[in-house]
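Below is one structure, written out as structure tokens; the observations come after it.
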Amino acid sequence: MAARVLDGAAVAQAIRDEVAPSVAAFTAHAGRPPGLGIVLVGDDPASDIYVRNKLKSAGDAGLRADLQRLSASARLEDLLALVEQLNHSEAHDGILVQSPLPAAMGADAQRRVFDVIRPDKDVDGFHPANVGRLVQNRAALAACTPSGVIEMLERSNVPIAGARAVVIGRSDIVGKPMALLLLHRNATVTVCHSRTADLPSVARTADILVSAIGRPGFVTREFVQPGAAVVDVGTTRVTDRAIVERLFPAASKRRETFERRGAIVVGDVHPDVAEVAGALSPVPGGVGPLTIAMLLKNTVIAAQSRADATRGWGGAERRHARDRRHAFP
């Protein structure tokens with residue numbers, strides 16, 4: 001029997017519907033909409049599409065969203081200076097620097113950017129201060145993709161408390177925050193990576209299996225316990241016909257799309273896993289829309305927090321406003 005589809009697009013729409021009244025309320029009280037500043041460096045086609053979708057979604061939700069572009073030849077110092085401008089902008093409540101950055105900026109460029117973004121404008125949740133708050137389970141701004149996965153699991157009635165969860169991937173952007181968010185919801189969590197011995201057998205212990213490594217079709221049936229919920233975070237643009245032929249039969253719609261476009265986006269999870277898993281998020285249409293929805297939600301949270309912090313409260317109250325979780329009205 002085919003796995004139940006974990007419909008990320010439907011959950012993302014529900015989140016956007018919940019955000020809309022908060023955007024309207026903030027705009028009415030502040031006299032301006034919540035503002036998001038997005039920085040795109042270089043001309044990576046995938047990043048360009050991601051940013052375009054974020055801009056459209058933000059605009060549709062009533063947010064102000066501004067794009068700042070830098071050429072692929074820009075220096076890291078140029079990028080850090082632009083981030084500092086956004087840090088001091090009263091019109092922008094959130095800052096997002098699109099990944100990946102050009103290799104020429106250096107191996108540590110992404111981390112240096114995270115360090116410079118103001119924590120209260122860090123809608124990606126990657127600043128060390130926000131990561132620390134996440135570790136302590138008191139983050140107001142947490143990483144968008146893992147937060148979206150949690151929303152999808154909870155709204156799809158996938159039990160997390162008491163479940164055994166396995167996360168494949170240990171990146172700062174997805175793997176580590178994903179493990180923490182599952183742990184905070186009382187799952188027993190194992191994090192796997194390239195040096196994990198006998199990875200398939202470890203993965204098979206999972207009631208909830210999350211893969212975030214960017215390797216097309218890497219997670220096969222042997223990784224999956226029958227009935228497990230499998231979340232595919234990997235998104236890879238594939239132009240290699242051999243990979244497509246390995247993953248999809250000749251008569252499938254995905255093969256037809258590849259033949260028509262010359263490329264398709266695929267996930268970490270092999271399509272055959274649908275025959276074993278109890279629930280499965282698709283690629284595309286699974287986690288991707290949730291990432292954008294959570295970005296909008298985080299931007300509104302950041303705007304509310306900054307507004308609270310400028311109302312003349314004392315230092316202790318201001319710190320409390322920054323640290324607490326914000327509920328939508």
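If you're wondering about the labels, chains in the structure tokens are A, B, ... by order shown, residues count from 1 in each chain, ligands from 1 in order shown.
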As a PDB file with all heavy atoms, in the first residue's frame, please: all residues of range 118-328 of chain A that backbone DSSP puts in strand (DSSP E or B).
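Output below, filename part_8.pdb:
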ATOM      1  N   ASP A 122      17.323  37.991  12.648  1.00  0.00           N
ATOM      2  CA  ASP A 122      17.822  36.744  12.069  1.00  0.00           C
ATOM      3  C   ASP A 122      16.674  35.768  11.831  1.00  0.00           C
ATOM      4  O   ASP A 122      16.470  34.816  12.589  1.00  0.00           O
ATOM      5  CB  ASP A 122      18.876  36.142  13.010  1.00  0.00           C
ATOM      6  CG  ASP A 122      19.307  34.746  12.606  1.00  0.00           C
ATOM      7  OD1 ASP A 122      19.375  34.479  11.402  1.00  0.00           O
ATOM      8  OD2 ASP A 122      19.566  33.935  13.517  1.00  0.00           O
ATOM      9  N   ARG A 164      10.925   7.248  18.014  1.00  0.00           N
ATOM     10  CA  ARG A 164      12.343   7.183  17.694  1.00  0.00           C
ATOM     11  C   ARG A 164      12.551   7.934  16.383  1.00  0.00           C
ATOM     12  O   ARG A 164      11.943   7.578  15.364  1.00  0.00           O
ATOM     13  CB  ARG A 164      12.798   5.735  17.561  1.00  0.00           C
ATOM     14  CG  ARG A 164      12.819   4.965  18.873  1.00  0.00           C
ATOM     15  CD  ARG A 164      12.930   3.485  18.647  1.00  0.00           C
ATOM     16  NE  ARG A 164      11.735   2.974  17.967  1.00  0.00           N
ATOM     17  CZ  ARG A 164      11.558   1.703  17.603  1.00  0.00           C
ATOM     18  NH1 ARG A 164      12.495   0.812  17.861  1.00  0.00           N
ATOM     19  NH2 ARG A 164      10.450   1.323  16.998  1.00  0.00           N
ATOM     20  N   ALA A 165      13.376   8.957  16.408  1.00  0.00           N
ATOM     21  CA  ALA A 165      13.618   9.781  15.224  1.00  0.00           C
ATOM     22  C   ALA A 165      15.071   9.662  14.800  1.00  0.00           C
ATOM     23  O   ALA A 165      15.979   9.682  15.641  1.00  0.00           O
ATOM     24  CB  ALA A 165      13.265  11.240  15.505  1.00  0.00           C
ATOM     25  N   VAL A 166      15.295   9.549  13.498  1.00  0.00           N
ATOM     26  CA  VAL A 166      16.641   9.533  12.940  1.00  0.00           C
ATOM     27  C   VAL A 166      16.740  10.666  11.927  1.00  0.00           C
ATOM     28  O   VAL A 166      15.897  10.789  11.037  1.00  0.00           O
ATOM     29  CB  VAL A 166      16.973   8.188  12.261  1.00  0.00           C
ATOM     30  CG1 VAL A 166      18.307   8.272  11.513  1.00  0.00           C
ATOM     31  CG2 VAL A 166      17.028   7.066  13.297  1.00  0.00           C
ATOM     32  N   VAL A 167      17.759  11.503  12.090  1.00  0.00           N
ATOM     33  CA  VAL A 167      18.035  12.597  11.161  1.00  0.00           C
ATOM     34  C   VAL A 167      19.313  12.265  10.413  1.00  0.00           C
ATOM     35  O   VAL A 167      20.361  12.062  11.027  1.00  0.00           O
ATOM     36  CB  VAL A 167      18.189  13.942  11.902  1.00  0.00           C
ATOM     37  CG1 VAL A 167      18.511  15.068  10.916  1.00  0.00           C
ATOM     38  CG2 VAL A 167      16.928  14.261  12.702  1.00  0.00           C
ATOM     39  N   ILE A 168      19.225  12.182   9.098  1.00  0.00           N
ATOM     40  CA  ILE A 168      20.410  11.937   8.276  1.00  0.00           C
ATOM     41  C   ILE A 168      20.908  13.285   7.773  1.00  0.00           C
ATOM     42  O   ILE A 168      20.259  13.939   6.956  1.00  0.00           O
ATOM     43  CB  ILE A 168      20.095  11.001   7.093  1.00  0.00           C
ATOM     44  CG1 ILE A 168      19.506   9.677   7.591  1.00  0.00           C
ATOM     45  CG2 ILE A 168      21.347  10.735   6.275  1.00  0.00           C
ATOM     46  CD1 ILE A 168      19.099   8.722   6.473  1.00  0.00           C
ATOM     47  N   THR A 188      13.114  10.514  20.824  1.00  0.00           N
ATOM     48  CA  THR A 188      14.467  10.017  21.072  1.00  0.00           C
ATOM     49  C   THR A 188      15.205  10.093  19.747  1.00  0.00           C
ATOM     50  O   THR A 188      14.816   9.436  18.779  1.00  0.00           O
ATOM     51  CB  THR A 188      14.430   8.570  21.585  1.00  0.00           C
ATOM     52  OG1 THR A 188      13.715   8.541  22.826  1.00  0.00           O
ATOM     53  CG2 THR A 188      15.837   8.029  21.799  1.00  0.00           C
ATOM     54  N   VAL A 189      16.252  10.917  19.687  1.00  0.00           N
ATOM     55  CA  VAL A 189      16.822  11.340  18.403  1.00  0.00           C
ATOM     56  C   VAL A 189      18.230  10.788  18.195  1.00  0.00           C
ATOM     57  O   VAL A 189      19.078  10.853  19.083  1.00  0.00           O
ATOM     58  CB  VAL A 189      16.853  12.881  18.301  1.00  0.00           C
ATOM     59  CG1 VAL A 189      17.366  13.313  16.920  1.00  0.00           C
ATOM     60  CG2 VAL A 189      15.471  13.471  18.562  1.00  0.00           C
ATOM     61  N   THR A 190      18.468  10.263  16.993  1.00  0.00           N
ATOM     62  CA  THR A 190      19.795   9.862  16.536  1.00  0.00           C
ATOM     63  C   THR A 190      20.139  10.697  15.309  1.00  0.00           C
ATOM     64  O   THR A 190      19.326  10.812  14.394  1.00  0.00           O
ATOM     65  CB  THR A 190      19.827   8.371  16.166  1.00  0.00           C
ATOM     66  OG1 THR A 190      19.470   7.583  17.298  1.00  0.00           O
ATOM     67  CG2 THR A 190      21.212   7.956  15.681  1.00  0.00           C
ATOM     68  N   VAL A 191      21.340  11.274  15.297  1.00  0.00           N
ATOM     69  CA  VAL A 191      21.815  12.032  14.146  1.00  0.00           C
ATOM     70  C   VAL A 191      22.866  11.205  13.410  1.00  0.00           C
ATOM     71  O   VAL A 191      23.859  10.774  14.006  1.00  0.00           O
ATOM     72  CB  VAL A 191      22.417  13.388  14.574  1.00  0.00           C
ATOM     73  CG1 VAL A 191      22.938  14.144  13.355  1.00  0.00           C
ATOM     74  CG2 VAL A 191      21.374  14.226  15.305  1.00  0.00           C
ATOM     75  N   CYS A 192      22.629  10.970  12.132  1.00  0.00           N
ATOM     76  CA  CYS A 192      23.549  10.177  11.311  1.00  0.00           C
ATOM     77  C   CYS A 192      24.260  11.077  10.302  1.00  0.00           C
ATOM     78  O   CYS A 192      23.775  12.151   9.948  1.00  0.00           O
ATOM     79  CB  CYS A 192      22.786   9.086  10.567  1.00  0.00           C
ATOM     80  SG  CYS A 192      21.994   7.869  11.633  1.00  0.00           S
ATOM     81  N   ILE A 208      10.292   8.091  12.812  1.00  0.00           N
ATOM     82  CA  ILE A 208      10.329   9.299  11.989  1.00  0.00           C
ATOM     83  C   ILE A 208      11.737   9.399  11.414  1.00  0.00           C
ATOM     84  O   ILE A 208      12.721   9.461  12.152  1.00  0.00           O
ATOM     85  CB  ILE A 208      10.016  10.570  12.812  1.00  0.00           C
ATOM     86  CG1 ILE A 208       8.619  10.485  13.411  1.00  0.00           C
ATOM     87  CG2 ILE A 208      10.157  11.820  11.946  1.00  0.00           C
ATOM     88  CD1 ILE A 208       8.332  11.598  14.421  1.00  0.00           C
ATOM     89  N   LEU A 209      11.841   9.390  10.096  1.00  0.00           N
ATOM     90  CA  LEU A 209      13.131   9.463   9.414  1.00  0.00           C
ATOM     91  C   LEU A 209      13.181  10.747   8.589  1.00  0.00           C
ATOM     92  O   LEU A 209      12.329  10.969   7.731  1.00  0.00           O
ATOM     93  CB  LEU A 209      13.325   8.249   8.513  1.00  0.00           C
ATOM     94  CG  LEU A 209      14.597   8.201   7.666  1.00  0.00           C
ATOM     95  CD1 LEU A 209      15.834   8.169   8.561  1.00  0.00           C
ATOM     96  CD2 LEU A 209      14.584   6.996   6.720  1.00  0.00           C
ATOM     97  N   VAL A 210      14.161  11.595   8.876  1.00  0.00           N
ATOM     98  CA  VAL A 210      14.332  12.858   8.152  1.00  0.00           C
ATOM     99  C   VAL A 210      15.671  12.815   7.435  1.00  0.00           C
ATOM    100  O   VAL A 210      16.713  12.600   8.070  1.00  0.00           O
ATOM    101  CB  VAL A 210      14.302  14.064   9.114  1.00  0.00           C
ATOM    102  CG1 VAL A 210      14.450  15.370   8.331  1.00  0.00           C
ATOM    103  CG2 VAL A 210      13.009  14.068   9.929  1.00  0.00           C
ATOM    104  N   SER A 211      15.659  13.028   6.121  1.00  0.00           N
ATOM    105  CA  SER A 211      16.906  13.032   5.361  1.00  0.00           C
ATOM    106  C   SER A 211      17.151  14.415   4.792  1.00  0.00           C
ATOM    107  O   SER A 211      16.295  14.993   4.116  1.00  0.00           O
ATOM    108  CB  SER A 211      16.853  12.008   4.220  1.00  0.00           C
ATOM    109  OG  SER A 211      18.091  11.997   3.519  1.00  0.00           O
ATOM    110  N   VAL A 219      18.241   7.470   0.049  1.00  0.00           N
ATOM    111  CA  VAL A 219      17.482   6.700   1.036  1.00  0.00           C
ATOM    112  C   VAL A 219      16.579   5.722   0.293  1.00  0.00           C
ATOM    113  O   VAL A 219      15.591   6.100  -0.331  1.00  0.00           O
ATOM    114  CB  VAL A 219      16.643   7.628   1.937  1.00  0.00           C
ATOM    115  CG1 VAL A 219      15.770   6.813   2.890  1.00  0.00           C
ATOM    116  CG2 VAL A 219      17.547   8.566   2.720  1.00  0.00           C
ATOM    117  N   ALA A 229       7.244   7.324   9.227  1.00  0.00           N
ATOM    118  CA  ALA A 229       7.031   8.610   8.555  1.00  0.00           C
ATOM    119  C   ALA A 229       8.378   9.090   8.037  1.00  0.00           C
ATOM    120  O   ALA A 229       9.336   9.218   8.805  1.00  0.00           O
ATOM    121  CB  ALA A 229       6.438   9.629   9.520  1.00  0.00           C
ATOM    122  N   VAL A 230       8.461   9.345   6.736  1.00  0.00           N
ATOM    123  CA  VAL A 230       9.715   9.730   6.096  1.00  0.00           C
ATOM    124  C   VAL A 230       9.587  11.142   5.552  1.00  0.00           C
ATOM    125  O   VAL A 230       8.677  11.437   4.767  1.00  0.00           O
ATOM    126  CB  VAL A 230      10.084   8.753   4.962  1.00  0.00           C
ATOM    127  CG1 VAL A 230      11.400   9.163   4.312  1.00  0.00           C
ATOM    128  CG2 VAL A 230      10.174   7.324   5.497  1.00  0.00           C
ATOM    129  N   VAL A 231      10.496  12.009   5.981  1.00  0.00           N
ATOM    130  CA  VAL A 231      10.482  13.407   5.550  1.00  0.00           C
ATOM    131  C   VAL A 231      11.713  13.647   4.682  1.00  0.00           C
ATOM    132  O   VAL A 231      12.849  13.497   5.140  1.00  0.00           O
ATOM    133  CB  VAL A 231      10.477  14.373   6.747  1.00  0.00           C
ATOM    134  CG1 VAL A 231      10.498  15.817   6.266  1.00  0.00           C
ATOM    135  CG2 VAL A 231       9.260  14.114   7.622  1.00  0.00           C
ATOM    136  N   ASP A 232      11.477  14.039   3.444  1.00  0.00           N
ATOM    137  CA  ASP A 232      12.540  14.263   2.471  1.00  0.00           C
ATOM    138  C   ASP A 232      12.833  15.755   2.388  1.00  0.00           C
ATOM    139  O   ASP A 232      12.054  16.529   1.830  1.00  0.00           O
ATOM    140  CB  ASP A 232      12.103  13.719   1.111  1.00  0.00           C
ATOM    141  CG  ASP A 232      13.255  13.633   0.120  1.00  0.00           C
ATOM    142  OD1 ASP A 232      14.326  14.176   0.411  1.00  0.00           O
ATOM    143  OD2 ASP A 232      13.064  13.008  -0.947  1.00  0.00           O
ATOM    144  N   THR A 236      17.638  18.459  -5.029  1.00  0.00           N
ATOM    145  CA  THR A 236      18.774  18.515  -5.942  1.00  0.00           C
ATOM    146  C   THR A 236      18.255  18.632  -7.371  1.00  0.00           C
ATOM    147  O   THR A 236      17.398  17.844  -7.795  1.00  0.00           O
ATOM    148  CB  THR A 236      19.644  17.251  -5.825  1.00  0.00           C
ATOM    149  OG1 THR A 236      20.056  17.079  -4.464  1.00  0.00           O
ATOM    150  CG2 THR A 236      20.866  17.344  -6.719  1.00  0.00           C
ATOM    151  N   ARG A 237      18.760  19.608  -8.088  1.00  0.00           N
ATOM    152  CA  ARG A 237      18.408  19.759  -9.502  1.00  0.00           C
ATOM    153  C   ARG A 237      19.264  18.786 -10.306  1.00  0.00           C
ATOM    154  O   ARG A 237      20.495  18.865 -10.291  1.00  0.00           O
ATOM    155  CB  ARG A 237      18.639  21.195  -9.968  1.00  0.00           C
ATOM    156  CG  ARG A 237      18.194  21.477 -11.406  1.00  0.00           C
ATOM    157  CD  ARG A 237      18.353  22.952 -11.727  1.00  0.00           C
ATOM    158  NE  ARG A 237      17.874  23.259 -13.065  1.00  0.00           N
ATOM    159  CZ  ARG A 237      18.634  23.255 -14.155  1.00  0.00           C
ATOM    160  NH1 ARG A 237      19.924  22.937 -14.036  1.00  0.00           N
ATOM    161  NH2 ARG A 237      18.120  23.546 -15.330  1.00  0.00           N
ATOM    162  N   VAL A 238      18.607  17.860 -10.999  1.00  0.00           N
ATOM    163  CA  VAL A 238      19.308  16.786 -11.693  1.00  0.00           C
ATOM    164  C   VAL A 238      19.190  16.972 -13.196  1.00  0.00           C
ATOM    165  O   VAL A 238      18.080  17.128 -13.734  1.00  0.00           O
ATOM    166  CB  VAL A 238      18.738  15.414 -11.282  1.00  0.00           C
ATOM    167  CG1 VAL A 238      19.344  14.304 -12.127  1.00  0.00           C
ATOM    168  CG2 VAL A 238      18.996  15.155  -9.811  1.00  0.00           C
ATOM    169  N   ILE A 264      15.105  18.040 -13.628  1.00  0.00           N
ATOM    170  CA  ILE A 264      14.050  17.973 -12.628  1.00  0.00           C
ATOM    171  C   ILE A 264      14.679  18.101 -11.247  1.00  0.00           C
ATOM    172  O   ILE A 264      15.876  17.874 -11.075  1.00  0.00           O
ATOM    173  CB  ILE A 264      13.226  16.663 -12.691  1.00  0.00           C
ATOM    174  CG1 ILE A 264      14.137  15.441 -12.568  1.00  0.00           C
ATOM    175  CG2 ILE A 264      12.383  16.598 -13.948  1.00  0.00           C
ATOM    176  CD1 ILE A 264      13.382  14.133 -12.469  1.00  0.00           C
ATOM    177  N   VAL A 265      13.849  18.473 -10.271  1.00  0.00           N
ATOM    178  CA  VAL A 265      14.293  18.527  -8.879  1.00  0.00           C
ATOM    179  C   VAL A 265      13.867  17.239  -8.195  1.00  0.00           C
ATOM    180  O   VAL A 265      12.698  16.834  -8.271  1.00  0.00           O
ATOM    181  CB  VAL A 265      13.687  19.741  -8.156  1.00  0.00           C
ATOM    182  CG1 VAL A 265      14.033  19.703  -6.673  1.00  0.00           C
ATOM    183  CG2 VAL A 265      14.202  21.038  -8.782  1.00  0.00           C
ATOM    184  N   VAL A 266      14.812  16.577  -7.546  1.00  0.00           N
ATOM    185  CA  VAL A 266      14.517  15.316  -6.861  1.00  0.00           C
ATOM    186  C   VAL A 266      14.994  15.409  -5.421  1.00  0.00           C
ATOM    187  O   VAL A 266      15.779  16.282  -5.051  1.00  0.00           O
ATOM    188  CB  VAL A 266      15.185  14.120  -7.567  1.00  0.00           C
ATOM    189  CG1 VAL A 266      14.721  14.032  -9.012  1.00  0.00           C
ATOM    190  CG2 VAL A 266      16.701  14.221  -7.499  1.00  0.00           C
ATOM    191  N   VAL A 269      15.110  10.820  -1.070  1.00  0.00           N
ATOM    192  CA  VAL A 269      14.405   9.556  -0.860  1.00  0.00           C
ATOM    193  C   VAL A 269      14.009   8.935  -2.196  1.00  0.00           C
ATOM    194  O   VAL A 269      13.366   9.583  -3.037  1.00  0.00           O
ATOM    195  CB  VAL A 269      13.160   9.781   0.013  1.00  0.00           C
ATOM    196  CG1 VAL A 269      12.385   8.470   0.201  1.00  0.00           C
ATOM    197  CG2 VAL A 269      13.569  10.351   1.372  1.00  0.00           C
ATOM    198  N   ALA A 279       4.045   7.149   5.853  1.00  0.00           N
ATOM    199  CA  ALA A 279       3.786   8.518   5.411  1.00  0.00           C
ATOM    200  C   ALA A 279       5.074   9.050   4.802  1.00  0.00           C
ATOM    201  O   ALA A 279       6.171   8.709   5.235  1.00  0.00           O
ATOM    202  CB  ALA A 279       3.337   9.401   6.570  1.00  0.00           C
ATOM    203  N   LEU A 280       4.936   9.899   3.782  1.00  0.00           N
ATOM    204  CA  LEU A 280       6.106  10.375   3.045  1.00  0.00           C
ATOM    205  C   LEU A 280       5.843  11.766   2.499  1.00  0.00           C
ATOM    206  O   LEU A 280       4.787  12.025   1.919  1.00  0.00           O
ATOM    207  CB  LEU A 280       6.419   9.407   1.896  1.00  0.00           C
ATOM    208  CG  LEU A 280       7.529   9.793   0.919  1.00  0.00           C
ATOM    209  CD1 LEU A 280       8.878   9.834   1.622  1.00  0.00           C
ATOM    210  CD2 LEU A 280       7.566   8.798  -0.255  1.00  0.00           C
TER     211      LEU A 280
END
- Looking only at helix (DSSP H, G or I) from DSSP on the backbone, list the matching residues of range 4-189 of chain A as JSON, numbers by chain. {"A": [8, 9, 10, 11, 12, 13, 14, 15, 16, 17, 18, 19, 20, 21, 22, 23, 24, 25, 26, 27, 28, 29, 30, 45, 46, 47, 48, 49, 50, 51, 52, 53, 54, 55, 56, 57, 58, 59, 60, 76, 77, 78, 79, 80, 81, 82, 83, 84, 85, 86, 87, 103, 104, 105, 109, 110, 111, 112, 113, 114, 115, 116, 119, 120, 121, 128, 129, 130, 131, 132, 133, 134, 135, 144, 145, 146, 147, 148, 149, 150, 151, 152, 153, 154, 155, 175, 176, 177, 178, 179, 180, 181, 182, 183, 184]}
- Message: Using only C-alpha atoms for the distances, tell me which of A:Val244, A:Ala81, A:Val174, A:Ala72 is nearest to Gly262 in chain A.
- Response: A:Val244
- Task: Give the answer as one residue: which of A:Asp120, A:Asp7, A:Asp48, A:Asp268 has the shortest atom-to-atom distance to Asp308 in chain A, using only C-alpha atoms?
- Result: A:Asp120
- Looking at A:Arg204, A:His270, A:Arg261, A:Arg112, which one is nearest to Pro128 in chain A, with distances taken over only C-alpha atoms? A:Arg112
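Closest to Ala28 in chain A among A:Arg241, A:Gly62, A:Ala179, A:Arg75 is A:Gly62, based on only C-alpha atoms.
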Per-residue nearest contacts of range 8-33 of chain A to range 153-161 of chain A (12 Å; only C-alpha atoms) as a tab-separated table:
residue	atom	partner	partner_atom	distance
A:Gly8	CA	A:Leu153	CA	9.4
A:Ala10	CA	A:Arg155	CA	10.1
A:Val11	CA	A:Arg155	CA	7.3
A:Ala12	CA	A:Arg155	CA	10.5
A:Ala14	CA	A:Arg155	CA	9.7
A:Ile15	CA	A:Arg155	CA	10.4
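The two atoms in question, CA of Thr205 in chain A and CA of Leu181 in chain A, are spaced 19.0 Å apart.
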- Message: Applying 9 Å and only C-alpha atoms, which residues near range 134-145 of chain A remain after dropping the ones on its own chain fewer than 2 positions away? List them as a VMD selection string.
- Response: chain A and resid 119 to 126 129 to 132 147 to 150 173 to 174 177 to 178 180 to 181 184 233 287 to 288 290 to 295 298 to 299 301 to 302 322 to 326
The selected residues should be written to file as a PDB file, in the first residue's frame (atoms: C-alpha atoms).
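Output saved as result-v6.pdb:
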ATOM      1  CA  PRO A 119      19.888  38.259  16.342  1.00  0.00           C
ATOM      2  CA  ASP A 120      16.493  39.992  16.478  1.00  0.00           C
ATOM      3  CA  LYS A 121      16.467  40.245  12.657  1.00  0.00           C
ATOM      4  CA  ASP A 122      17.822  36.744  12.069  1.00  0.00           C
ATOM      5  CA  VAL A 123      14.722  35.181  10.520  1.00  0.00           C
ATOM      6  CA  ASP A 124      16.779  32.162   9.411  1.00  0.00           C
ATOM      7  CA  GLY A 125      17.594  31.390  13.056  1.00  0.00           C
ATOM      8  CA  PHE A 126      21.308  30.848  12.381  1.00  0.00           C
ATOM      9  CA  ALA A 129      22.593  33.615  20.012  1.00  0.00           C
ATOM     10  CA  ASN A 130      19.473  32.152  18.396  1.00  0.00           C
ATOM     11  CA  VAL A 131      21.076  28.731  18.108  1.00  0.00           C
ATOM     12  CA  GLY A 132      21.866  28.910  21.818  1.00  0.00           C
ATOM     13  CA  SER A 147      10.463  24.358  11.981  1.00  0.00           C
ATOM     14  CA  GLY A 148       8.378  23.679   8.893  1.00  0.00           C
ATOM     15  CA  VAL A 149       8.997  19.944   9.216  1.00  0.00           C
ATOM     16  CA  ILE A 150       7.719  20.045  12.792  1.00  0.00           C
ATOM     17  CA  ILE A 173      21.116  24.786   8.670  1.00  0.00           C
ATOM     18  CA  VAL A 174      18.927  21.671   8.837  1.00  0.00           C
ATOM     19  CA  PRO A 177      18.279  22.250  14.492  1.00  0.00           C
ATOM     20  CA  MET A 178      16.016  19.452  13.246  1.00  0.00           C
ATOM     21  CA  LEU A 180      16.923  19.727  18.613  1.00  0.00           C
ATOM     22  CA  LEU A 181      13.336  20.511  17.640  1.00  0.00           C
ATOM     23  CA  HIS A 184      12.255  19.280  22.501  1.00  0.00           C
ATOM     24  CA  VAL A 233      14.352  17.589   2.929  1.00  0.00           C
ATOM     25  CA  VAL A 287       9.191  20.725   2.682  1.00  0.00           C
ATOM     26  CA  GLY A 288       9.985  23.500   0.184  1.00  0.00           C
ATOM     27  CA  LEU A 290       6.977  25.081   4.358  1.00  0.00           C
ATOM     28  CA  THR A 291      10.382  26.775   4.440  1.00  0.00           C
ATOM     29  CA  ILE A 292       8.927  29.878   2.813  1.00  0.00           C
ATOM     30  CA  ALA A 293       5.836  29.857   5.035  1.00  0.00           C
ATOM     31  CA  MET A 294       7.999  29.709   8.156  1.00  0.00           C
ATOM     32  CA  LEU A 295      10.152  32.537   6.815  1.00  0.00           C
ATOM     33  CA  ASN A 298       9.487  34.413  11.516  1.00  0.00           C
ATOM     34  CA  THR A 299       9.466  37.839   9.865  1.00  0.00           C
ATOM     35  CA  ILE A 301       7.582  37.434  14.929  1.00  0.00           C
ATOM     36  CA  ALA A 302      10.697  39.579  14.454  1.00  0.00           C
ATOM     37  CA  ARG A 322      13.108  39.201  22.840  1.00  0.00           C
ATOM     38  CA  ASP A 323      13.284  35.773  24.446  1.00  0.00           C
ATOM     39  CA  ARG A 324       9.699  34.700  24.757  1.00  0.00           C
ATOM     40  CA  ARG A 325       7.764  32.806  22.132  1.00  0.00           C
ATOM     41  CA  HIS A 326       5.296  35.059  20.327  1.00  0.00           C
TER      42      HIS A 326
END
